[in-house]
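Asks: My structure is stored as entry.cif, with mmCIF, C-alpha atoms.
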```
data_my_file
#
loop_
_atom_site.label_atom_id
_atom_site.label_comp_id
_atom_site.auth_asym_id
_atom_site.auth_seq_id
_atom_site.Cartn_x
_atom_site.Cartn_y
_atom_site.Cartn_z
CA MET H 2 -19.09 5.32 -28.77
CA GLU H 3 -16.11 4.50 -26.60
CA ASP H 4 -14.80 0.93 -26.51
CA HIS H 5 -14.84 0.42 -22.75
CA ALA H 6 -14.08 -3.32 -23.13
CA PHE H 7 -10.74 -2.74 -24.84
CA ARG H 8 -9.79 0.06 -22.45
CA SER H 9 -10.69 -2.15 -19.48
CA LEU H 10 -8.56 -4.98 -20.90
CA ARG H 11 -5.62 -2.59 -21.34
CA GLU H 12 -5.99 -1.21 -17.82
CA GLN H 13 -6.31 -4.67 -16.26
CA ASN H 14 -2.96 -5.45 -17.85
CA GLY H 15 -1.57 -2.36 -16.12
CA LEU H 16 -0.61 -0.80 -19.47
CA SER H 17 -0.61 2.79 -20.60
CA ILE H 18 -1.79 3.57 -24.13
CA ASP H 19 1.83 3.91 -25.26
CA GLU H 20 2.83 0.59 -23.69
CA ALA H 21 -0.14 -1.23 -25.26
CA ALA H 22 0.75 0.29 -28.63
CA GLU H 23 4.33 -0.97 -28.32
CA ILE H 24 3.22 -4.51 -27.40
CA LEU H 25 0.73 -4.64 -30.29
CA ASP H 26 3.13 -2.93 -32.72
CA VAL H 27 0.67 -0.19 -33.61
CA SER H 28 0.70 3.56 -32.99
CA ALA H 29 -0.63 5.15 -29.82
CA LYS H 30 -3.01 7.09 -32.06
CA THR H 31 -4.50 3.79 -33.26
CA VAL H 32 -5.10 2.62 -29.70
CA ARG H 33 -6.81 5.91 -28.88
CA ARG H 34 -9.07 5.47 -31.91
CA TRP H 35 -10.05 2.02 -30.66
CA GLU H 36 -10.89 3.41 -27.24
CA THR H 37 -12.88 6.36 -28.55
CA GLY H 38 -14.84 4.08 -30.89
CA GLU H 39 -13.55 5.62 -34.13
CA THR H 40 -12.33 2.20 -35.24
CA ALA H 41 -12.50 -1.31 -33.79
CA PRO H 42 -9.45 -3.41 -32.88
CA ARG H 43 -8.97 -6.68 -34.74
CA ARG H 44 -9.70 -9.81 -32.77
CA ALA H 45 -6.01 -10.76 -32.87
CA PHE H 46 -5.07 -7.62 -30.92
CA VAL H 47 -7.70 -8.32 -28.29
CA GLU H 48 -6.48 -11.92 -28.01
CA VAL H 49 -2.89 -10.77 -27.43
CA LEU H 50 -3.90 -8.69 -24.42
CA THR H 51 -6.33 -11.33 -23.19
CA HIS H 52 -3.62 -14.01 -23.31
CA ARG H 53 -1.17 -11.67 -21.60
CA LEU H 54 -3.66 -11.03 -18.81
CA GLU H 55 -4.49 -14.71 -18.32
CA SER H 56 -0.81 -15.69 -18.20
CA ARG H 57 -0.12 -13.07 -15.56
CA LYS H 58 -3.03 -13.85 -13.26
CA PRO H 59 -1.87 -15.21 -9.91
CA GLN H 60 -3.24 -18.66 -9.19
CA GLU H 61 -6.26 -18.41 -6.94
CA PRO H 62 -6.06 -20.58 -3.84
CA GLU H 63 -8.62 -23.38 -3.71
CA SER H 64 -10.18 -21.68 -0.73
CA SER H 65 -9.77 -18.62 1.44
CA ASP H 66 -10.03 -18.33 5.18
CA PHE H 67 -11.73 -14.92 5.11
CA THR H 68 -12.60 -12.10 2.71
CA PHE H 69 -11.63 -8.46 2.87
CA ILE H 70 -12.06 -5.14 1.08
CA ASP H 71 -9.19 -2.77 0.30
CA LEU H 72 -10.11 0.94 0.68
CA PHE H 73 -7.74 3.81 -0.14
CA ALA H 74 -5.76 0.92 -1.56
CA GLY H 75 -2.78 2.77 -3.04
CA ILE H 76 -0.62 0.12 -4.67
CA GLY H 77 -1.91 -2.78 -2.59
CA GLY H 78 0.39 -3.05 0.43
CA MET H 79 -2.44 -3.85 2.86
CA ARG H 80 -3.82 -6.39 0.42
CA ARG H 81 -0.48 -8.18 0.13
CA GLY H 82 -0.22 -8.50 3.89
CA PHE H 83 -3.70 -9.95 4.34
CA GLU H 84 -3.41 -12.28 1.35
CA ALA H 85 -0.33 -13.73 3.04
CA ALA H 86 -2.59 -14.60 6.00
CA GLY H 87 -5.07 -16.47 3.80
CA GLY H 88 -7.50 -13.66 2.97
CA LYS H 89 -9.16 -12.95 -0.36
CA CYS H 90 -9.79 -9.42 -1.62
CA VAL H 91 -13.31 -8.93 -2.99
CA PHE H 92 -13.41 -5.15 -3.50
CA THR H 93 -10.87 -2.38 -4.12
CA SER H 94 -11.17 1.40 -4.10
CA GLU H 95 -8.44 3.84 -5.10
CA TRP H 96 -9.04 7.26 -6.68
CA ASP H 97 -5.55 7.94 -8.12
CA THR H 98 -5.38 6.63 -11.70
CA TYR H 99 -1.60 6.12 -11.59
CA ALA H 100 -1.86 4.06 -8.41
CA GLN H 101 -4.64 2.09 -10.10
CA ARG H 102 -2.22 1.23 -12.93
CA THR H 103 0.34 -0.16 -10.50
CA TYR H 104 -2.36 -2.01 -8.57
CA ARG H 105 -3.84 -3.59 -11.70
CA ALA H 106 -0.39 -4.60 -12.94
CA ASN H 107 0.23 -6.57 -9.74
CA PHE H 108 -3.30 -7.85 -9.07
CA PRO H 109 -4.58 -8.31 -12.62
CA GLY H 110 -8.09 -9.18 -13.60
CA ASP H 111 -9.80 -10.30 -10.39
CA HIS H 112 -12.21 -7.36 -10.05
CA GLU H 113 -12.62 -3.78 -11.18
CA ILE H 114 -11.15 -0.95 -9.10
CA ALA H 115 -13.69 1.55 -7.83
CA GLY H 116 -12.52 5.15 -7.97
CA ASP H 117 -13.83 7.80 -5.59
CA ILE H 118 -15.18 5.93 -2.56
CA THR H 119 -17.45 8.86 -1.68
CA GLN H 120 -19.43 8.02 -4.83
CA VAL H 121 -19.80 4.31 -4.01
CA ASP H 122 -22.96 3.18 -2.25
CA ALA H 123 -22.33 0.77 0.61
CA THR H 124 -24.92 -1.60 -0.87
CA ASP H 125 -22.74 -1.97 -3.99
CA ILE H 126 -19.81 -3.28 -1.95
CA PRO H 127 -19.69 -7.09 -1.54
CA GLU H 128 -20.12 -8.70 1.85
CA HIS H 129 -16.77 -9.13 3.58
CA ASP H 130 -15.19 -10.27 6.83
CA VAL H 131 -12.52 -7.58 7.17
CA LEU H 132 -12.27 -3.94 6.09
CA LEU H 133 -8.81 -2.51 5.38
CA ALA H 134 -8.19 1.22 5.01
CA GLY H 135 -5.14 3.44 5.04
CA PHE H 136 -7.45 6.45 5.18
CA PRO H 137 -6.21 10.03 4.66
CA CYS H 138 -6.23 12.17 7.79
CA GLN H 139 -8.17 15.23 6.74
CA PRO H 140 -9.21 17.97 9.21
CA PHE H 141 -12.23 16.85 11.20
CA SER H 142 -15.08 19.30 11.51
CA ILE H 143 -16.04 19.88 15.15
CA ALA H 144 -19.54 21.35 15.12
CA GLY H 145 -21.25 22.51 18.27
CA VAL H 146 -24.01 20.38 19.73
CA SER H 147 -26.37 23.34 20.06
CA LYS H 148 -25.99 24.24 16.38
CA LEU H 149 -26.68 20.65 15.33
CA ASN H 150 -29.72 20.53 17.58
CA SER H 151 -31.05 23.72 16.03
CA LEU H 152 -30.74 22.10 12.62
CA GLY H 153 -32.47 18.96 13.83
CA ARG H 154 -29.37 16.85 13.16
CA GLU H 155 -27.68 14.20 15.25
CA HIS H 156 -24.52 15.20 17.05
CA GLY H 157 -22.85 11.83 17.57
CA PHE H 158 -19.26 11.07 16.60
CA MET H 159 -20.29 9.94 13.14
CA ASN H 160 -21.74 13.36 12.49
CA LYS H 161 -18.43 15.02 13.41
CA THR H 162 -16.68 13.06 10.68
CA GLN H 163 -19.02 14.17 7.88
CA GLY H 164 -16.98 15.87 5.20
CA THR H 165 -13.93 13.66 5.80
CA LEU H 166 -12.99 10.45 4.04
CA PHE H 167 -13.03 8.65 7.38
CA PHE H 168 -16.81 9.04 7.31
CA ASP H 169 -16.87 6.71 4.30
CA VAL H 170 -15.08 4.05 6.34
CA LEU H 171 -17.70 4.46 9.04
CA ARG H 172 -20.72 4.24 6.75
CA ILE H 173 -19.37 1.03 5.17
CA LEU H 174 -18.65 -0.48 8.59
CA LYS H 175 -22.13 0.49 9.74
CA HIS H 176 -23.81 -1.10 6.72
CA HIS H 177 -21.82 -4.35 6.47
CA ARG H 178 -20.75 -4.93 10.10
CA PRO H 179 -17.66 -7.00 9.15
CA ALA H 180 -16.01 -9.12 11.82
CA ALA H 181 -12.96 -6.87 11.94
CA PHE H 182 -11.11 -3.94 10.43
CA LEU H 183 -7.58 -2.57 10.29
CA LEU H 184 -6.91 1.13 9.78
CA GLU H 185 -3.49 2.72 9.18
CA ASN H 186 -2.32 6.30 9.48
CA VAL H 187 0.60 8.50 10.44
CA LYS H 188 1.95 8.31 13.98
CA ASN H 189 0.82 11.85 14.78
CA LEU H 190 -2.85 10.97 14.31
CA LYS H 191 -3.18 10.55 18.09
CA SER H 192 -1.89 14.07 18.79
CA HIS H 193 -3.54 15.85 15.85
CA ASN H 194 -5.70 18.80 16.88
CA LYS H 195 -4.70 18.29 20.56
CA GLY H 196 -6.01 14.73 20.47
CA ASP H 197 -9.55 15.64 19.41
CA THR H 198 -9.20 13.98 16.00
CA PHE H 199 -8.31 10.64 17.55
CA ARG H 200 -11.01 10.95 20.22
CA THR H 201 -13.52 11.53 17.42
CA ILE H 202 -12.28 8.44 15.55
CA GLN H 203 -12.30 6.32 18.71
CA GLY H 204 -15.73 7.53 19.71
CA ALA H 205 -17.20 6.78 16.28
CA LEU H 206 -15.77 3.27 16.20
CA GLU H 207 -16.50 2.31 19.80
CA ASN H 208 -19.53 4.33 20.89
CA ASP H 209 -21.42 4.76 17.62
CA LEU H 210 -20.59 1.43 15.96
CA GLY H 211 -19.82 -0.77 18.98
CA TYR H 212 -16.45 -2.15 17.86
CA ARG H 213 -13.72 -3.12 20.33
CA ILE H 214 -10.52 -1.42 19.21
CA SER H 215 -6.83 -1.60 19.99
CA CYS H 216 -4.20 0.70 18.53
CA HIS H 217 -0.42 0.62 18.38
CA VAL H 218 2.43 2.60 16.82
CA ILE H 219 4.83 0.22 15.05
CA ASP H 220 8.28 1.11 13.75
CA ALA H 221 8.94 -0.87 10.57
CA LYS H 222 12.69 -0.74 11.23
CA GLY H 223 12.55 -4.25 12.65
CA TYR H 224 11.35 -5.55 9.27
CA VAL H 225 12.93 -3.26 6.69
CA PRO H 226 15.96 -0.92 6.85
CA GLN H 227 13.85 2.19 7.33
CA HIS H 228 12.68 4.15 10.37
CA ARG H 229 8.96 4.35 9.65
CA GLU H 230 6.45 4.73 12.47
CA ARG H 231 2.78 4.29 11.69
CA ILE H 232 -0.30 3.86 13.87
CA PHE H 233 -2.52 0.84 13.30
CA ILE H 234 -6.06 0.61 14.68
CA ALA H 235 -7.55 -2.89 14.82
CA GLY H 236 -11.22 -3.32 15.59
CA PHE H 237 -13.44 -6.35 16.22
CA ARG H 238 -17.20 -6.67 16.21
CA GLU H 239 -16.99 -8.78 19.37
CA ASP H 240 -14.55 -8.76 22.26
CA THR H 241 -12.01 -11.48 21.45
CA GLY H 242 -9.30 -10.21 23.77
CA PHE H 243 -7.15 -8.85 20.95
CA ASP H 244 -4.59 -6.42 22.41
CA PHE H 245 -1.68 -4.96 20.48
CA ASN H 246 0.21 -4.48 23.74
CA ARG H 247 0.34 -8.24 24.27
CA LEU H 248 1.90 -8.90 20.88
CA GLU H 249 5.57 -9.08 19.98
CA PHE H 250 6.88 -7.19 16.98
CA ARG H 251 10.46 -7.30 15.78
CA ASP H 252 13.00 -5.22 17.66
CA PRO H 253 13.74 -2.05 15.62
CA THR H 254 17.35 -2.11 16.83
CA LYS H 255 17.98 -5.51 15.28
CA GLY H 256 16.39 -5.19 11.85
CA PRO H 257 18.05 -5.45 8.42
CA THR H 258 20.38 -2.86 6.89
CA LEU H 259 20.30 -1.17 3.51
CA ALA H 260 22.71 -3.80 2.14
CA GLU H 261 19.70 -6.12 1.86
CA VAL H 262 17.76 -3.83 -0.49
CA LEU H 263 20.46 -2.07 -2.54
CA HIS H 264 21.29 -3.33 -6.01
CA SER H 265 24.01 -5.98 -6.01
CA PRO H 266 26.69 -6.53 -8.69
CA ASP H 267 25.63 -10.17 -9.05
CA GLU H 268 21.87 -9.67 -9.34
CA THR H 269 19.98 -10.10 -12.59
CA PRO H 270 20.00 -6.69 -14.32
CA GLU H 271 16.81 -4.71 -14.90
CA GLU H 272 17.29 -2.41 -17.86
CA ARG H 273 15.21 0.43 -16.49
CA PHE H 274 17.20 0.76 -13.26
CA THR H 275 20.55 -0.92 -13.78
CA ILE H 276 23.22 -1.47 -16.41
CA GLN H 277 25.73 -4.25 -17.01
CA LYS H 278 29.46 -3.82 -17.43
CA LYS H 279 32.21 -6.33 -18.09
CA ILE H 280 34.77 -6.16 -15.29
CA GLY H 281 37.90 -8.13 -16.21
CA ARG H 282 37.85 -11.71 -15.03
CA LEU H 283 34.70 -11.06 -13.03
CA GLY H 284 32.73 -10.88 -16.25
CA LEU H 285 29.44 -9.05 -16.48
CA ARG H 286 28.45 -7.14 -13.36
CA THR H 287 25.33 -5.14 -12.53
CA PHE H 288 25.51 -1.46 -11.55
CA VAL H 289 22.97 1.26 -10.81
CA ASP H 290 22.22 3.44 -13.81
CA PRO H 291 24.21 6.74 -13.56
CA LYS H 292 20.96 8.71 -14.01
CA TYR H 293 20.26 8.18 -10.30
CA THR H 294 23.50 9.96 -9.26
CA LEU H 295 22.91 13.55 -8.12
CA SER H 296 24.13 16.32 -10.40
CA ASP H 297 26.90 18.61 -9.15
CA HIS H 298 24.38 21.43 -8.93
CA LEU H 299 21.84 19.50 -6.81
CA TRP H 300 24.51 18.00 -4.54
CA SER H 301 26.04 21.44 -3.96
CA TYR H 302 22.61 22.89 -3.19
CA LEU H 303 21.78 20.15 -0.65
CA GLN H 304 25.11 20.58 1.14
CA GLY H 305 24.65 24.33 1.31
CA TYR H 306 21.07 23.97 2.54
CA ALA H 307 22.15 21.57 5.28
CA ALA H 308 25.04 23.83 6.36
CA LYS H 309 22.73 26.84 6.61
CA HIS H 310 20.26 25.05 8.85
CA LYS H 311 22.98 23.48 10.97
CA ALA H 312 24.40 26.94 11.64
CA ALA H 313 20.94 28.07 12.71
CA GLY H 314 20.65 25.16 15.12
CA ASN H 315 18.07 23.27 13.05
CA GLY H 316 18.16 19.58 12.20
CA PHE H 317 17.25 19.95 8.55
CA GLY H 318 19.49 18.34 5.98
CA PHE H 319 20.05 15.33 3.80
CA GLY H 320 20.40 11.74 4.99
CA LEU H 321 23.59 10.19 3.62
CA ASN H 322 23.61 6.40 4.00
CA ARG H 323 25.99 3.50 3.56
CA PRO H 324 25.01 -0.16 3.14
CA THR H 325 25.41 -0.81 6.88
CA ASP H 326 22.92 1.93 7.78
CA LYS H 327 19.17 2.15 8.18
CA ALA H 328 17.37 4.90 6.34
CA ARG H 329 15.06 7.69 7.35
CA THR H 330 11.39 7.50 6.38
CA LEU H 331 10.75 7.33 2.64
CA SER H 332 8.27 10.10 1.84
CA ALA H 333 6.02 10.91 -1.10
CA ARG H 334 8.26 13.92 -1.87
CA TYR H 335 11.29 11.69 -2.50
CA TYR H 336 11.03 12.36 -6.24
CA LYS H 337 11.98 16.02 -5.70
CA ASP H 338 15.61 15.61 -4.62
CA GLY H 339 15.90 12.30 -2.76
CA SER H 340 17.46 14.17 0.16
CA GLU H 341 16.04 12.03 2.99
CA ILE H 342 17.70 8.84 1.69
CA LEU H 343 20.91 9.31 -0.30
CA ILE H 344 23.34 6.47 -0.95
CA ALA H 345 27.03 7.28 -0.67
CA GLN H 346 29.20 6.37 -3.67
CA PRO H 347 33.01 6.36 -3.28
CA GLY H 348 34.58 8.98 -5.53
CA LYS H 349 31.22 10.22 -6.83
CA ASN H 350 28.24 12.27 -5.78
CA PRO H 351 25.65 10.27 -3.82
CA ARG H 352 22.63 8.82 -5.58
CA ARG H 353 18.94 8.34 -5.05
CA LEU H 354 17.41 4.94 -4.47
CA THR H 355 15.98 3.43 -7.62
CA PRO H 356 12.24 2.65 -7.60
CA ARG H 357 13.19 -1.03 -7.44
CA GLU H 358 15.14 -0.40 -4.25
CA CYS H 359 12.13 1.51 -2.90
CA ALA H 360 9.97 -1.56 -3.60
CA ARG H 361 12.38 -3.62 -1.50
CA LEU H 362 12.60 -0.95 1.19
CA MET H 363 8.80 -1.08 1.59
CA GLY H 364 8.74 -4.89 1.58
CA PHE H 365 6.95 -5.33 -1.76
CA ASP H 366 9.90 -7.31 -3.12
CA SER H 367 11.01 -10.01 -0.70
CA ASP H 368 14.34 -10.57 -2.48
CA ARG H 369 16.35 -9.40 -5.49
CA GLU H 370 14.72 -11.83 -7.89
CA THR H 371 11.13 -11.23 -6.78
CA ARG H 372 10.00 -8.10 -8.56
CA MET H 373 6.62 -6.42 -8.49
CA ASP H 374 5.60 -4.62 -11.67
CA ILE H 375 6.34 -0.88 -11.67
CA PRO H 376 4.45 0.33 -14.78
CA VAL H 377 4.61 4.06 -13.98
CA SER H 378 7.34 6.69 -14.27
CA ASP H 379 10.02 7.05 -11.60
CA THR H 380 8.34 10.20 -10.29
CA ARG H 381 5.00 8.43 -9.86
CA ALA H 382 6.68 5.34 -8.39
CA TYR H 383 8.48 7.39 -5.73
CA LYS H 384 5.19 9.02 -4.73
CA GLN H 385 3.44 5.65 -4.57
CA PHE H 386 6.07 3.93 -2.46
CA GLY H 387 6.34 6.97 -0.19
CA ASN H 388 2.60 6.73 0.51
CA ALA H 389 2.52 2.94 0.88
CA VAL H 390 2.50 0.68 3.93
CA VAL H 391 5.36 -1.65 4.79
CA VAL H 392 4.11 -5.03 3.61
CA PRO H 393 5.81 -7.33 6.19
CA VAL H 394 4.46 -5.19 9.05
CA VAL H 395 0.90 -5.57 7.75
CA ALA H 396 1.49 -9.29 7.19
CA GLU H 397 2.57 -9.64 10.83
CA ILE H 398 -0.51 -7.80 12.05
CA ALA H 399 -2.73 -9.93 9.78
CA ARG H 400 -1.18 -13.08 11.23
CA TYR H 401 -2.01 -11.90 14.76
CA MET H 402 -5.53 -10.77 13.82
CA LYS H 403 -6.50 -13.90 11.89
CA PRO H 404 -7.50 -16.21 14.78
CA HIS H 405 -9.59 -13.41 16.29
CA ILE H 406 -11.30 -12.84 12.93
CA LEU H 407 -12.06 -16.54 12.59
CA ARG H 408 -13.41 -16.70 16.12
CA ILE H 409 -16.09 -14.11 15.23
CA MET H 410 -17.02 -15.63 11.89
CA ASP H 411 -19.84 -18.15 11.94
CA PRO H 412 -18.25 -21.61 12.40
CA GLY H 413 -20.75 -23.29 10.07
CA GLU H 414 -20.16 -20.76 7.32
CA LEU H 415 -16.42 -21.02 7.86
CA PHE H 416 -16.50 -24.81 7.45
CA GLU H 417 -18.50 -24.61 4.21
CA ARG H 418 -16.14 -22.23 2.44
CA THR H 419 -12.79 -23.62 3.59
CA SER H 420 -11.08 -26.90 3.04
CA PRO H 421 -11.01 -29.42 5.93
CA ALA H 422 -7.31 -28.64 6.41
CA ALA H 423 -8.00 -24.90 6.59
CA HIS H 424 -10.86 -25.54 9.01
CA ARG H 425 -8.63 -27.60 11.30
CA LYS H 426 -6.04 -24.83 11.17
CA ALA H 427 -8.70 -22.27 12.07
CA GLN H 428 -9.76 -24.34 15.07
CA GLN H 429 -6.13 -24.62 16.17
CA LEU H 430 -5.63 -20.85 15.84
CA GLN H 431 -8.78 -20.19 17.84
CA MET H 432 -7.50 -22.47 20.62
CA GLU H 433 -4.21 -20.53 20.66
CA VAL H 434 -5.98 -17.26 21.45
CA GLY H 435 -8.45 -18.87 23.79
#
```
Please go through the file and, once you have read it, give me the structure as structure tokens.

Replies:
Amino acid sequence: MEDHAFRSLREQNGLSIDEAAEILDVSAKTVRRWETGETAPRRAFVEVLTHRLESRKPQEPESSDFTFIDLFAGIGGMRRGFEAAGGKCVFTSEWDTYAQRTYRANFPGDHEIAGDITQVDATDIPEHDVLLAGFPCQPFSIAGVSKLNSLGREHGFMNKTQGTLFFDVLRILKHHRPAAFLLENVKNLKSHNKGDTFRTIQGALENDLGYRISCHVIDAKGYVPQHRERIFIAGFREDTGFDFNRLEFRDPTKGPTLAEVLHSPDETPEERFTIQKKIGRLGLRTFVDPKYTLSDHLWSYLQGYAAKHKAAGNGFGFGLNRPTDKARTLSARYYKDGSEILIAQPGKNPRRLTPRECARLMGFDSDRETRMDIPVSDTRAYKQFGNAVVVPVVAEIARYMKPHILRIMDPGELFERTSPAAHRKAQQLQMEVG
């Protein structure tokens, strides 16, 4: 019989089998035997991981202003933004096991992570005030009304989303009727399939479920040194007057530059990504590990590829950046060659960003000394950050949404589960939007 308790404890710590074995000073084979039930771990080993988990748990606030669920959670960017606004996450779903590892490492021990959301019954999801979802944009099936009628099936907007993951968002919204939701997707969602995909989404949310929605494309370049446009769809169970077009987001032309996220010679070194060298009277200085510098072969290939497409009149090529620049969009394919964001190095081939720099570029690390856990390989980390949301953008949206969320929530219930100070703040926020 498998030891699910030990495996769960290991996973909540965000550890692979090899990493757990190293911490406990046993072989990986021994850990596997524990988890398959061949042998049982000694209590001391369990206590080591239990203590490690408890010491890493973030302190829970005395109260929360609202609750939310985190669907298609990735590595938790949406969660971070809404926690900053006073929300508490009560349910998480993410199917990718590597993303789960990163998520658990940074949000340890509060609740289990559900895998495939299509296999989760809406009744098994806790009550919540806000639904968050960076849902994948799969092709939407557009079935004819006459065919559906002949089959005796409804032909509303919700029916048109059957077979897509967006349908799972809809069925959860329909069952729980939370006060609000925030959905995130690529900018081109509005134009996909000549606009029919977005009309289907809008129709399902507004006509079938009765939510009032507002959508907006936001360029994260005002918050991080990266041109990254994403569409956000906010919805409210009641009409509170929320309108993205009335809100002010940071000017993309005045945002930070790469200098704010690149490794600095005077920052505390991180063995996995940087090395230290003694430089004369300057003493020990921190430098990016040479493994991130492109090989002569790869650099020659990228230059040749760019020259070929330039000659053909195409815009394809690499993006070479200096500290004063802003980068292109970090994509999930960054692990392949890093071509969209290369950092120039005087006298050397350019280099990729390190995963730590990617964490900063996406707003997960607010400064050089604040470091989220990255428990996966560089390849997996690049994919995860390339698929993530920009945390400060979500935090800004959450800040704007919060008073509208609180306005919908029952005032009596709100008072019971928040401190008097939080309740007074909620009343003040409601007055601001009134």

Asks: Between H:Leu259, H:Ile202, H:Ala41, H:Ala29, which one has atoms that come closest to H:Leu166, using all atoms listed in the file?

Replies: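 Among the listed residues, H:Ile202 lies closest to H:Leu166.
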
Asks: Do you have, as a Markdown table, the list of residues of stretch 248-320 of chain H lying at most 8 Å from stretch 334-343 of chain H, each with its nearest atom pair and that distance in Å to one decimal, counting only C-alpha atoms and ordered by chain then number?

Replies:
```
| residue | atom | partner | partner_atom | distance |
| --- | --- | --- | --- | --- |
| H:Leu299 | CA | H:Asp338 | CA | 7.7 |
| H:Leu303 | CA | H:Ser340 | CA | 7.4 |
| H:Gly318 | CA | H:Ser340 | CA | 7.4 |
| H:Phe319 | CA | H:Ser340 | CA | 4.6 |
| H:Gly320 | CA | H:Glu341 | CA | 4.8 |
```

Asks: Applied to this file, what does the PyMOL selection byres ((chain H and resi 231) around 12) return in terms of residues, put as a ChimeraX atom specification?

Replies: /H:135,184-191,216-222,228-230,232-234,330,388-391,394-395

Asks: Of the residues H:Val225, H:Ala85, H:Ala313, H:Leu133, which is the one nearest to H:Ile70, using only C-alpha atoms?

Replies: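 Smallest separation from H:Ile70 among the options: H:Leu133.
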
Asks: Nearest to H:Asp111 among H:Lys175, H:Arg400, H:Arg352, H:Lys89, with distances taken over all atoms listed in the file: which residue is it?

Replies: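 Nearest candidate to H:Asp111 out of H:Lys175, H:Arg400, H:Arg352, H:Lys89: H:Lys89.
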
Asks: Any chance you could work out the residue set of the PyMOL selection byres ((chain H and resi 98) around 12) here, as a PyMOL selection string?

Replies: chain H and resi 12+15-17+74-76+94-97+99-105+114-117+377+381+385

Asks: Record the distance separating atom CA of H:Thr380 and atom CA of H:Ala308, expressed in Å with one decimal.

Replies: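 Between atom CA of H:Thr380 and atom CA of H:Ala308 the gap is 27.2 Å.
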
Asks: Let me know the residues the PyMOL selection byres ((chain H and resi 295-298) around 7) catches in the file above, as number ranges by chain.

Replies: H: 293-294, 299-302, 350-352

Asks: Could you take the residues named above and write them with C-alpha atoms, as a PDB file, in the coordinates of the input?

Replies:
```
ATOM      1  CA  TYR H 293      20.260   8.180 -10.300  1.00  0.00           C
ATOM      2  CA  THR H 294      23.500   9.960  -9.260  1.00  0.00           C
ATOM      3  CA  LEU H 299      21.840  19.500  -6.810  1.00  0.00           C
ATOM      4  CA  TRP H 300      24.510  18.000  -4.540  1.00  0.00           C
ATOM      5  CA  SER H 301      26.040  21.440  -3.960  1.00  0.00           C
ATOM      6  CA  TYR H 302      22.610  22.890  -3.190  1.00  0.00           C
ATOM      7  CA  ASN H 350      28.240  12.270  -5.780  1.00  0.00           C
ATOM      8  CA  PRO H 351      25.650  10.270  -3.820  1.00  0.00           C
ATOM      9  CA  ARG H 352      22.630   8.820  -5.580  1.00  0.00           C
TER      10      ARG H 352
END
```
